[in-house]
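First up is the structure itself, then whatever we jot down about it.
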There are 2 protein chains.
Amino acid sequence: MSEIKRQAELAKRTEPVLGSLTTEQKNEALLAMADALVKRSEDIISANKEDLERGAASGLSSSLLDRLALNEQRIQAMAEGLRQIVELPDPIGDVMEEFERPNGLLIRKKRVPIGLVGIIYEARPNVTVDAAGLCLKSGNAVLLRGGSSALSSNSKIVEVLHEALAATSVPADAIQLVASPDRSSVDEMLKLNGWLDVIIPRGGRSLIQNVVQNASVPVIETGAGICHTYLDETADPEKALRITMNAKIQRPSVCNAMETMIVHRSYAEKHLADLADKFITAGVELRGCAAAVELAPVIHPAAEQDWATEYNDYILNIKIVGSLEEAIDHIRQYGTMHSECIVTETKEHADRFLQEVDAAAVYVNASTRFTDGFEFGFGAEIGISTQKLHARGPMGLPALTSTKYYIYGNGQIRE
Amino acid sequence: MSEIKRQAELAKRTEPVLGSLTTEQKNEALLAMADALVKRSEDIISANKEDLERGAASGLSSSLLDRLALNEQRIQAMAEGLRQIVELPDPIGDVMEEFERPNGLLIRKKRVPIGLVGIIYEARPNVTVDAAGLCLKSGNAVLLRGGSSALSSNSKIVEVLHEALAATSVPADAIQLVASPDRSSVDEMLKLNGWLDVIIPRGGRSLIQNVVQNASVPVIETGAGICHTYLDETADPEKALRITMNAKIQRPSVCNAMETMIVHRSYAEKHLADLADKFITAGVELRGCAAAVELAPVIHPAAEQDWATEYNDYILNIKIVGSLEEAIDHIRQYGTMHSECIVTETKEHADRFLQEVDAAAVYVNASTRFTDGFEFGFGAEIGISTQKLHARGPMGLPALTSTKYYIYGNGQIRE
């Protein structure tokens with residue numbers, strides 16, 4: 001048996017215990033984990049230094065090194081994240097439906113943990129803590145596979161979490177970190193049917209696509225966001241400016257930021273030149289269709305692949321359309337079913353856009369940046385699902401659960 | 001573009017219309033489909049004859065030929081199935097949650113169709129009608145890929161359904177049948193990410209495993225059932241006999257039939273010999289562990305692979321255990337997370353079994369044969385999910401839906 005299967009087996013054995021823990025027991029463990037992280041922050045920072053030195057030597061970019069770096073403050077933030085999970089309602093054990101059949105069978109549908117959750121992510125040590133905390137609160141065991149350049153940090157963090165769990169009711173084996181830095185450990189996880197119940201990839205497009213294309217274990221696809229905002233003929237100019245600026249520049253690196261602004265021709269003729277100047281002033285590079293370039297020469301011509309690119313950067317595509325239908329068609333062609341917005345004062349147009357655009361979250365007159373577990377009031381999330389099964393949009397604790405039918409009989413048989 | 005992609009594209013284009021249909025429009029279409037099947041039954045039967053002749057010539061077994069065969073009565077039953085779907089509540093458009101955020105955003109989570117559903121199945125023409133009807137009522141387009149030996153029947157059925165839809169509000173393109181009998185058409189479907197939103201395999205183990213192992217499109221795994229019934233120390237003998245006989249022989253060929261009976265040693269010592277005789281009398285071949293053979297010599301010794309076999313036949317494994325834990329461990333090792341039962345008069349044992357056994361449906365004192373959409377009161381089902389994401393257990397119409405967040409703002413931006 002391979003090392004990963006052995007770890008999966010250890011984790012899987014904890015499932016009956018995990019599924020039976022009380023909310024109090026889980027919360028005690030989360031608080032113990034939070035305290036231990038803070039108490040052991042020096043050790044974690046020194047393990048993190050090893051990763052940073054190795055990363056710098058191997059030529060990691062400064063932005064990657066920044067994501068990887070830990071300090072007292074960031075460790076405090078990770079601990080605070082665990083404390084926030086304590087505050088979230090425990091989904092396990094909820095009776096979702098209960099009914100009695102004419103033959104007297106009592107059927108109860110209860111919320112149960114999924115079982116063993118695999119998380120594949122990049123060199124962000126905070127995901128280690130975050131994922132472990134969310135899985136624990138939802139009664140799941142977790143097999144973590146973080147980016148190899150964060151391996152020293154992740155190993156130390158999991159060591160600290162295991163020590164913290166030793167004094168609680170939660171079996172330490174419930175949290176497993178894949179210790180192999182090889183790519184083959186990812187390949188093996190993707191095929192662990194019978195051990196892993198689901199894999200959730202968290203990271204960039206290539207990581208997610210590798211998981212989606214090659215996993216035989218069920219996957220929840222997350223993250224990729226080519227989000228559009230459509231300024232309709234009757235858009236209110238003040239709202240349009242505020243919403244599009246926010247959607248683009250409040251945090252361009254995230255999946256719910258706007259990548260393409262679609263503008264109705266009649267609105268563009270009046271407002272595009274001004275709007276384009278404001279984006280330029282804010283440091284945003286603009287790329288547009290021929291009609292956009294003509295209306296505002298500060299816009300560079302866009303190439304075909306630009307419409308299909310998630311920039312995560314200070315770059316914005318601008319597309320001029322002649323109708324609502326054309327806007328919806330563009331989104332159907334290039335969108336990633338994440339978050340899409342219409343700015344309009346025409347209720348019929350809003351209703352039609354919301355109904356026909358196929359995305360996890362569809363907005364009228366608000367920034368797409370709100371697609372987020374905290375902003376929806378769900379608390380911490382394990383990711384944002386961009387596929388249509390199991391969970392769609394921000395995934396809070398209930399997305400980490402399954403269901404089970406409990407059936408109470410008294411000798412009933414099927415006739 | 002390949003023929004299958006072209007069909008998927010045609011089906012996908014119907015999604016906005018399908019998602020906006022009223023319940024009445026969908027029901028009218030279902031009734032028109034039902035009437036057309038009956039009216040055109042001669043044509044369907046003659047197309048079916050072609051399949052049967054080809055099948056007989058190529059040496060299909062008589063049981064496969066029987067599954068494939070259509071007659072007036074079976075076509076009436078398919079039509080009746082569609083009429084029953086008319087009676088089911090329409091899940092689309094349900095507001096599942098609605099809340100207002102402190103910033104004034106109104107967030108509404110609504111039930112929407114999944115989009116384009118792929119069904120891969122064997123040579124059972126009734127699945128063509130069944131799947132088309134369930135997908136239509138839930139607002140989904142469907143790409144059907146039936147067994148190649150039913151191709152003439154399926155083509156004629158879909159032709160009849162298309163003709164029936166011509167006079168309704170439902171676009172005929174919403175139902176697509178893959179016309180290629182090659183295995184490569186299945187391979188292509190499995191990789192149709194971006195077109196297909198989900199694939200549901202319906203059939204035997206090898207069909208399902210091929211889909212699970214090779215699809216990059218999300219899959220809902222269905223069907224495989226190695227179901228156990230555990231007779232606890234305090235099982236009531238009358239209930240034990242009634243439940244186990246029903247679970248084994250009421251219909252041995254289905255996934256929720258019992259394959260292995262687990263018996264506590266102290267119960268076995270008193271009752272196994274008698275119970276074994278009853279099974280033998282009913283025509284059931286018995287295979288057991290050494291302890292079982294010793295208690296009842298009519299039982300043949302079981303081989304290791306027997307415990308992992310879904311017989312779907314008049315064969316039953318019998319395993320003697322010394323404790324509830326041992327029974328649960330056996331199920332954990334060999335079960336397929338479908339339906340598992342304990343027969344006991346001890347409430348603590350029942351509670352522990354229900355809590356710790358990981359399956360879609362867990363029973364106390366009732367036959368596992370009840371795991372079924374009709375028996376649960378859900379009406380027709382698209383399959384029984386044996387995995388833990390999206391839907392678990394019998395999948396009625398709600399399992400064919402996704403959700404979408406509608407967010408209503410008034411210029412809100414994220415600070």
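Residues are named by chain letter and number: chains run A, B, ... in the order of the structure tokens, numbers start at 1 in each chain, and ligands are numbered from 1 in the order shown.
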Chain B residues near chain A within 6 Å, closest pair each, using only C-alpha atoms, as JSON lines:
{"residue": "B:Pro16", "atom": "CA", "partner": "A:Glu356", "partner_atom": "CA", "distance": 5.5}
{"residue": "B:Val212", "atom": "CA", "partner": "A:Ser216", "partner_atom": "CA", "distance": 5.9}
{"residue": "B:Gln213", "atom": "CA", "partner": "A:Ser216", "partner_atom": "CA", "distance": 4.8}
{"residue": "B:Ser216", "atom": "CA", "partner": "A:Gln213", "partner_atom": "CA", "distance": 4.9}
{"residue": "B:Lys239", "atom": "CA", "partner": "A:Gly411", "partner_atom": "CA", "distance": 5.1}
{"residue": "B:Ile243", "atom": "CA", "partner": "A:Ile413", "partner_atom": "CA", "distance": 5.9}
{"residue": "B:Glu356", "atom": "CA", "partner": "A:Pro16", "partner_atom": "CA", "distance": 5.5}
{"residue": "B:Ala360", "atom": "CA", "partner": "A:Lys404", "partner_atom": "CA", "distance": 5.1}
{"residue": "B:Ala361", "atom": "CA", "partner": "A:Tyr405", "partner_atom": "CA", "distance": 4.6}
{"residue": "B:Val362", "atom": "CA", "partner": "A:Tyr406", "partner_atom": "CA", "distance": 5.2}
{"residue": "B:Tyr363", "atom": "CA", "partner": "A:Ile407", "partner_atom": "CA", "distance": 4.7}
{"residue": "B:Val364", "atom": "CA", "partner": "A:Tyr408", "partner_atom": "CA", "distance": 5.2}
{"residue": "B:Asn365", "atom": "CA", "partner": "A:Gly409", "partner_atom": "CA", "distance": 4.9}
{"residue": "B:Ala366", "atom": "CA", "partner": "A:Gln412", "partner_atom": "CA", "distance": 4.8}
{"residue": "B:Ser367", "atom": "CA", "partner": "A:Ile413", "partner_atom": "CA", "distance": 5.1}
{"residue": "B:Lys388", "atom": "CA", "partner": "A:Ser402", "partner_atom": "CA", "distance": 5.6}
{"residue": "B:Leu389", "atom": "CA", "partner": "A:His390", "partner_atom": "CA", "distance": 5.5}
{"residue": "B:His390", "atom": "CA", "partner": "A:His390", "partner_atom": "CA", "distance": 3.5}
{"residue": "B:Ser402", "atom": "CA", "partner": "A:Lys388", "partner_atom": "CA", "distance": 5.6}
{"residue": "B:Lys404", "atom": "CA", "partner": "A:Ala360", "partner_atom": "CA", "distance": 5.1}
{"residue": "B:Tyr405", "atom": "CA", "partner": "A:Ala361", "partner_atom": "CA", "distance": 4.6}
{"residue": "B:Tyr406", "atom": "CA", "partner": "A:Val362", "partner_atom": "CA", "distance": 5.2}
{"residue": "B:Ile407", "atom": "CA", "partner": "A:Tyr363", "partner_atom": "CA", "distance": 4.7}
{"residue": "B:Tyr408", "atom": "CA", "partner": "A:Val364", "partner_atom": "CA", "distance": 5.2}
{"residue": "B:Gly409", "atom": "CA", "partner": "A:Asn365", "partner_atom": "CA", "distance": 4.9}
{"residue": "B:Asn410", "atom": "CA", "partner": "A:Asn365", "partner_atom": "CA", "distance": 5.3}
{"residue": "B:Gly411", "atom": "CA", "partner": "A:Ala366", "partner_atom": "CA", "distance": 5.0}
{"residue": "B:Gln412", "atom": "CA", "partner": "A:Ala366", "partner_atom": "CA", "distance": 4.8}
{"residue": "B:Ile413", "atom": "CA", "partner": "A:Ser367", "partner_atom": "CA", "distance": 5.1}
Practice prompt. Would you mind writing down, as a PyMOL selection string, each residue of region 102-264 of chain B that DSSP on the backbone assigns to helix (DSSP H, G or I)?
Written response: chain B and resi 125-137+148-166+172-174+183-190+205-214+237-249
Discussion item. So that I can see what lies close to Ile44 (chain A), please list as a list in words the residues with an atom at most 7 Å from it, counting only C-alpha atoms and leaving out residues fewer than 6 positions away in the same chain.
Written reply: Ser153, Lys156 and Ile157 of chain A
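Closest approach to Arg205 (chain A) from the set A:Ala132, A:Leu65, A:Leu165, A:Cys255 is made by A:Cys255, with distances taken over only C-alpha atoms.
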Worksheet item: Smallest atom-to-atom distance to Gly203 (chain B): which of B:Ile85, B:Ile120, B:Val186, B:Cys227, using only C-alpha atoms?
Response: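 Counting only C-alpha atoms, the residue closest to Gly203 (chain B) is B:Ile120.
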Skip region 72-83 of chain A itself and residues of its chain fewer than 2 positions away, then list as a PDB file with N, CA, C and O atoms, in the first residue's frame all residues within 9 Å of it, counting only C-alpha atoms.
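Done, and the output landed in selection_27.pdb:
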ATOM      1  N   ASN A  27     -15.835  22.258  18.571  1.00  0.00           N
ATOM      2  CA  ASN A  27     -15.429  23.642  18.841  1.00  0.00           C
ATOM      3  C   ASN A  27     -14.226  23.704  19.779  1.00  0.00           C
ATOM      4  O   ASN A  27     -13.333  24.530  19.598  1.00  0.00           O
ATOM      5  N   LEU A  30     -11.241  23.059  17.708  1.00  0.00           N
ATOM      6  CA  LEU A  30     -10.892  24.216  16.863  1.00  0.00           C
ATOM      7  C   LEU A  30     -10.176  25.289  17.686  1.00  0.00           C
ATOM      8  O   LEU A  30      -9.190  25.883  17.232  1.00  0.00           O
ATOM      9  N   LEU A  31     -10.667  25.525  18.904  1.00  0.00           N
ATOM     10  CA  LEU A  31     -10.030  26.541  19.751  1.00  0.00           C
ATOM     11  C   LEU A  31      -8.641  26.086  20.169  1.00  0.00           C
ATOM     12  O   LEU A  31      -7.692  26.889  20.209  1.00  0.00           O
ATOM     13  N   MET A  33      -6.694  24.190  18.461  1.00  0.00           N
ATOM     14  CA  MET A  33      -5.864  24.359  17.268  1.00  0.00           C
ATOM     15  C   MET A  33      -5.439  25.824  17.108  1.00  0.00           C
ATOM     16  O   MET A  33      -4.278  26.133  16.827  1.00  0.00           O
ATOM     17  N   ALA A  34      -6.395  26.730  17.318  1.00  0.00           N
ATOM     18  CA  ALA A  34      -6.091  28.167  17.184  1.00  0.00           C
ATOM     19  C   ALA A  34      -5.034  28.588  18.201  1.00  0.00           C
ATOM     20  O   ALA A  34      -4.048  29.263  17.859  1.00  0.00           O
ATOM     21  N   ASP A  35      -5.221  28.171  19.440  1.00  0.00           N
ATOM     22  CA  ASP A  35      -4.258  28.549  20.474  1.00  0.00           C
ATOM     23  C   ASP A  35      -2.871  27.996  20.173  1.00  0.00           C
ATOM     24  O   ASP A  35      -1.861  28.679  20.351  1.00  0.00           O
ATOM     25  N   ALA A  36      -2.837  26.739  19.722  1.00  0.00           N
ATOM     26  CA  ALA A  36      -1.545  26.101  19.448  1.00  0.00           C
ATOM     27  C   ALA A  36      -0.801  26.821  18.333  1.00  0.00           C
ATOM     28  O   ALA A  36       0.428  26.991  18.396  1.00  0.00           O
ATOM     29  N   LEU A  37      -1.519  27.249  17.311  1.00  0.00           N
ATOM     30  CA  LEU A  37      -0.856  27.968  16.212  1.00  0.00           C
ATOM     31  C   LEU A  37      -0.167  29.227  16.725  1.00  0.00           C
ATOM     32  O   LEU A  37       0.984  29.507  16.378  1.00  0.00           O
ATOM     33  N   VAL A  38      -0.870  29.957  17.584  1.00  0.00           N
ATOM     34  CA  VAL A  38      -0.300  31.203  18.111  1.00  0.00           C
ATOM     35  C   VAL A  38       0.889  30.901  19.016  1.00  0.00           C
ATOM     36  O   VAL A  38       1.959  31.512  18.902  1.00  0.00           O
ATOM     37  N   SER A  41       3.982  29.889  17.077  1.00  0.00           N
ATOM     38  CA  SER A  41       4.214  30.670  15.856  1.00  0.00           C
ATOM     39  C   SER A  41       5.690  30.799  15.501  1.00  0.00           C
ATOM     40  O   SER A  41       6.040  30.810  14.317  1.00  0.00           O
ATOM     41  N   GLU A  42       6.571  30.847  16.511  1.00  0.00           N
ATOM     42  CA  GLU A  42       8.007  30.953  16.184  1.00  0.00           C
ATOM     43  C   GLU A  42       8.494  29.748  15.379  1.00  0.00           C
ATOM     44  O   GLU A  42       9.206  29.887  14.393  1.00  0.00           O
ATOM     45  N   ILE A  44       6.677  27.796  13.564  1.00  0.00           N
ATOM     46  CA  ILE A  44       6.056  27.814  12.234  1.00  0.00           C
ATOM     47  C   ILE A  44       6.792  28.800  11.327  1.00  0.00           C
ATOM     48  O   ILE A  44       7.081  28.510  10.159  1.00  0.00           O
ATOM     49  N   ILE A  45       7.129  29.962  11.891  1.00  0.00           N
ATOM     50  CA  ILE A  45       7.840  30.978  11.090  1.00  0.00           C
ATOM     51  C   ILE A  45       9.220  30.467  10.684  1.00  0.00           C
ATOM     52  O   ILE A  45       9.676  30.695   9.559  1.00  0.00           O
ATOM     53  N   ALA A  69       4.764  33.610   2.394  1.00  0.00           N
ATOM     54  CA  ALA A  69       5.396  34.093   3.632  1.00  0.00           C
ATOM     55  C   ALA A  69       4.434  34.136   4.818  1.00  0.00           C
ATOM     56  O   ALA A  69       3.272  34.540   4.682  1.00  0.00           O
ATOM     57  N   LEU A  70       4.907  33.692   5.976  1.00  0.00           N
ATOM     58  CA  LEU A  70       4.142  33.794   7.215  1.00  0.00           C
ATOM     59  C   LEU A  70       4.859  34.723   8.175  1.00  0.00           C
ATOM     60  O   LEU A  70       6.090  34.806   8.191  1.00  0.00           O
ATOM     61  N   ILE A  85     -14.762  29.909  12.687  1.00  0.00           N
ATOM     62  CA  ILE A  85     -15.463  28.664  12.342  1.00  0.00           C
ATOM     63  C   ILE A  85     -16.225  28.125  13.560  1.00  0.00           C
ATOM     64  O   ILE A  85     -17.298  27.533  13.422  1.00  0.00           O
ATOM     65  N   VAL A  86     -15.665  28.357  14.761  1.00  0.00           N
ATOM     66  CA  VAL A  86     -16.361  27.962  15.989  1.00  0.00           C
ATOM     67  C   VAL A  86     -17.753  28.593  16.038  1.00  0.00           C
ATOM     68  O   VAL A  86     -18.728  27.970  16.467  1.00  0.00           O
ATOM     69  N   GLU A  87     -17.853  29.838  15.588  1.00  0.00           N
ATOM     70  CA  GLU A  87     -19.116  30.581  15.662  1.00  0.00           C
ATOM     71  C   GLU A  87     -20.163  30.086  14.656  1.00  0.00           C
ATOM     72  O   GLU A  87     -21.354  30.372  14.801  1.00  0.00           O
ATOM     73  N   ASN A 126      -1.999  29.240   4.602  1.00  0.00           N
ATOM     74  CA  ASN A 126      -3.260  29.523   5.294  1.00  0.00           C
ATOM     75  C   ASN A 126      -4.374  28.565   4.869  1.00  0.00           C
ATOM     76  O   ASN A 126      -5.276  28.265   5.645  1.00  0.00           O
ATOM     77  N   VAL A 127      -4.290  28.042   3.629  1.00  0.00           N
ATOM     78  CA  VAL A 127      -5.316  27.100   3.174  1.00  0.00           C
ATOM     79  C   VAL A 127      -5.265  25.818   4.013  1.00  0.00           C
ATOM     80  O   VAL A 127      -6.298  25.186   4.266  1.00  0.00           O
ATOM     81  N   VAL A 129      -4.737  25.486   7.187  1.00  0.00           N
ATOM     82  CA  VAL A 129      -5.469  25.700   8.439  1.00  0.00           C
ATOM     83  C   VAL A 129      -6.965  25.837   8.167  1.00  0.00           C
ATOM     84  O   VAL A 129      -7.806  25.224   8.831  1.00  0.00           O
ATOM     85  N   ASP A 130      -7.253  26.638   7.178  1.00  0.00           N
ATOM     86  CA  ASP A 130      -8.608  26.922   6.763  1.00  0.00           C
ATOM     87  C   ASP A 130      -9.371  25.632   6.408  1.00  0.00           C
ATOM     88  O   ASP A 130     -10.471  25.365   6.922  1.00  0.00           O
ATOM     89  N   GLY A 133      -9.851  23.284   9.372  1.00  0.00           N
ATOM     90  CA  GLY A 133     -10.882  23.780  10.284  1.00  0.00           C
ATOM     91  C   GLY A 133     -12.286  23.552   9.749  1.00  0.00           C
ATOM     92  O   GLY A 133     -13.176  23.081  10.463  1.00  0.00           O
ATOM     93  N   LEU A 134     -12.492  23.876   8.465  1.00  0.00           N
ATOM     94  CA  LEU A 134     -13.828  23.713   7.885  1.00  0.00           C
ATOM     95  C   LEU A 134     -14.215  22.236   7.817  1.00  0.00           C
ATOM     96  O   LEU A 134     -15.359  21.871   8.087  1.00  0.00           O
ATOM     97  N   ALA A 380     -16.810  31.607   6.668  1.00  0.00           N
ATOM     98  CA  ALA A 380     -15.705  31.082   5.859  1.00  0.00           C
ATOM     99  C   ALA A 380     -16.228  30.093   4.830  1.00  0.00           C
ATOM    100  O   ALA A 380     -17.200  29.393   5.058  1.00  0.00           O
TER     101      ALA A 380
END
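Excluding Gly335 (chain A) and any residue on its chain fewer than 3 positions from it, the residues at most 6 Å away by only C-alpha atoms are A:Ile226, A:Ile331, A:Arg332.
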Discussion item. As a VMD selection string, please: the residues near Leu272 (chain A) (cut-off 9 Å, only C-alpha atoms, same-chain neighbours under 2 positions excluded).
Written reply: chain A and resid 263 267 to 270 274 to 277 292 295 to 296
Worksheet item: Among region 59-118 of chain B, which ones does DSSP place in strand (DSSP E), written as a ChimeraX atom specification?
Response: /B:95-100,106-113,116-118
Practice prompt. Write out as a VMD selection string each polymer residue whose atoms come within 6 Å of Thr222 (chain A), counting only C-alpha atoms; drop sequence neighbours fewer than 4 positions from it.
Written response: chain A and resid 384 to 386
Worksheet item: With distances taken over only C-alpha atoms, which of B:Ala308, B:Ala141, B:Arg202, B:Leu316 is nearest to Gln333 (chain B)?
Response: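 For Gln333 (chain B), the nearest of the given residues is B:Ala308.
Checking A:Ile199, A:Ile318, A:Val160, A:Leu192 one by one against His228 (chain A), counting only C-alpha atoms, you find the shortest gap at A:Ile318.
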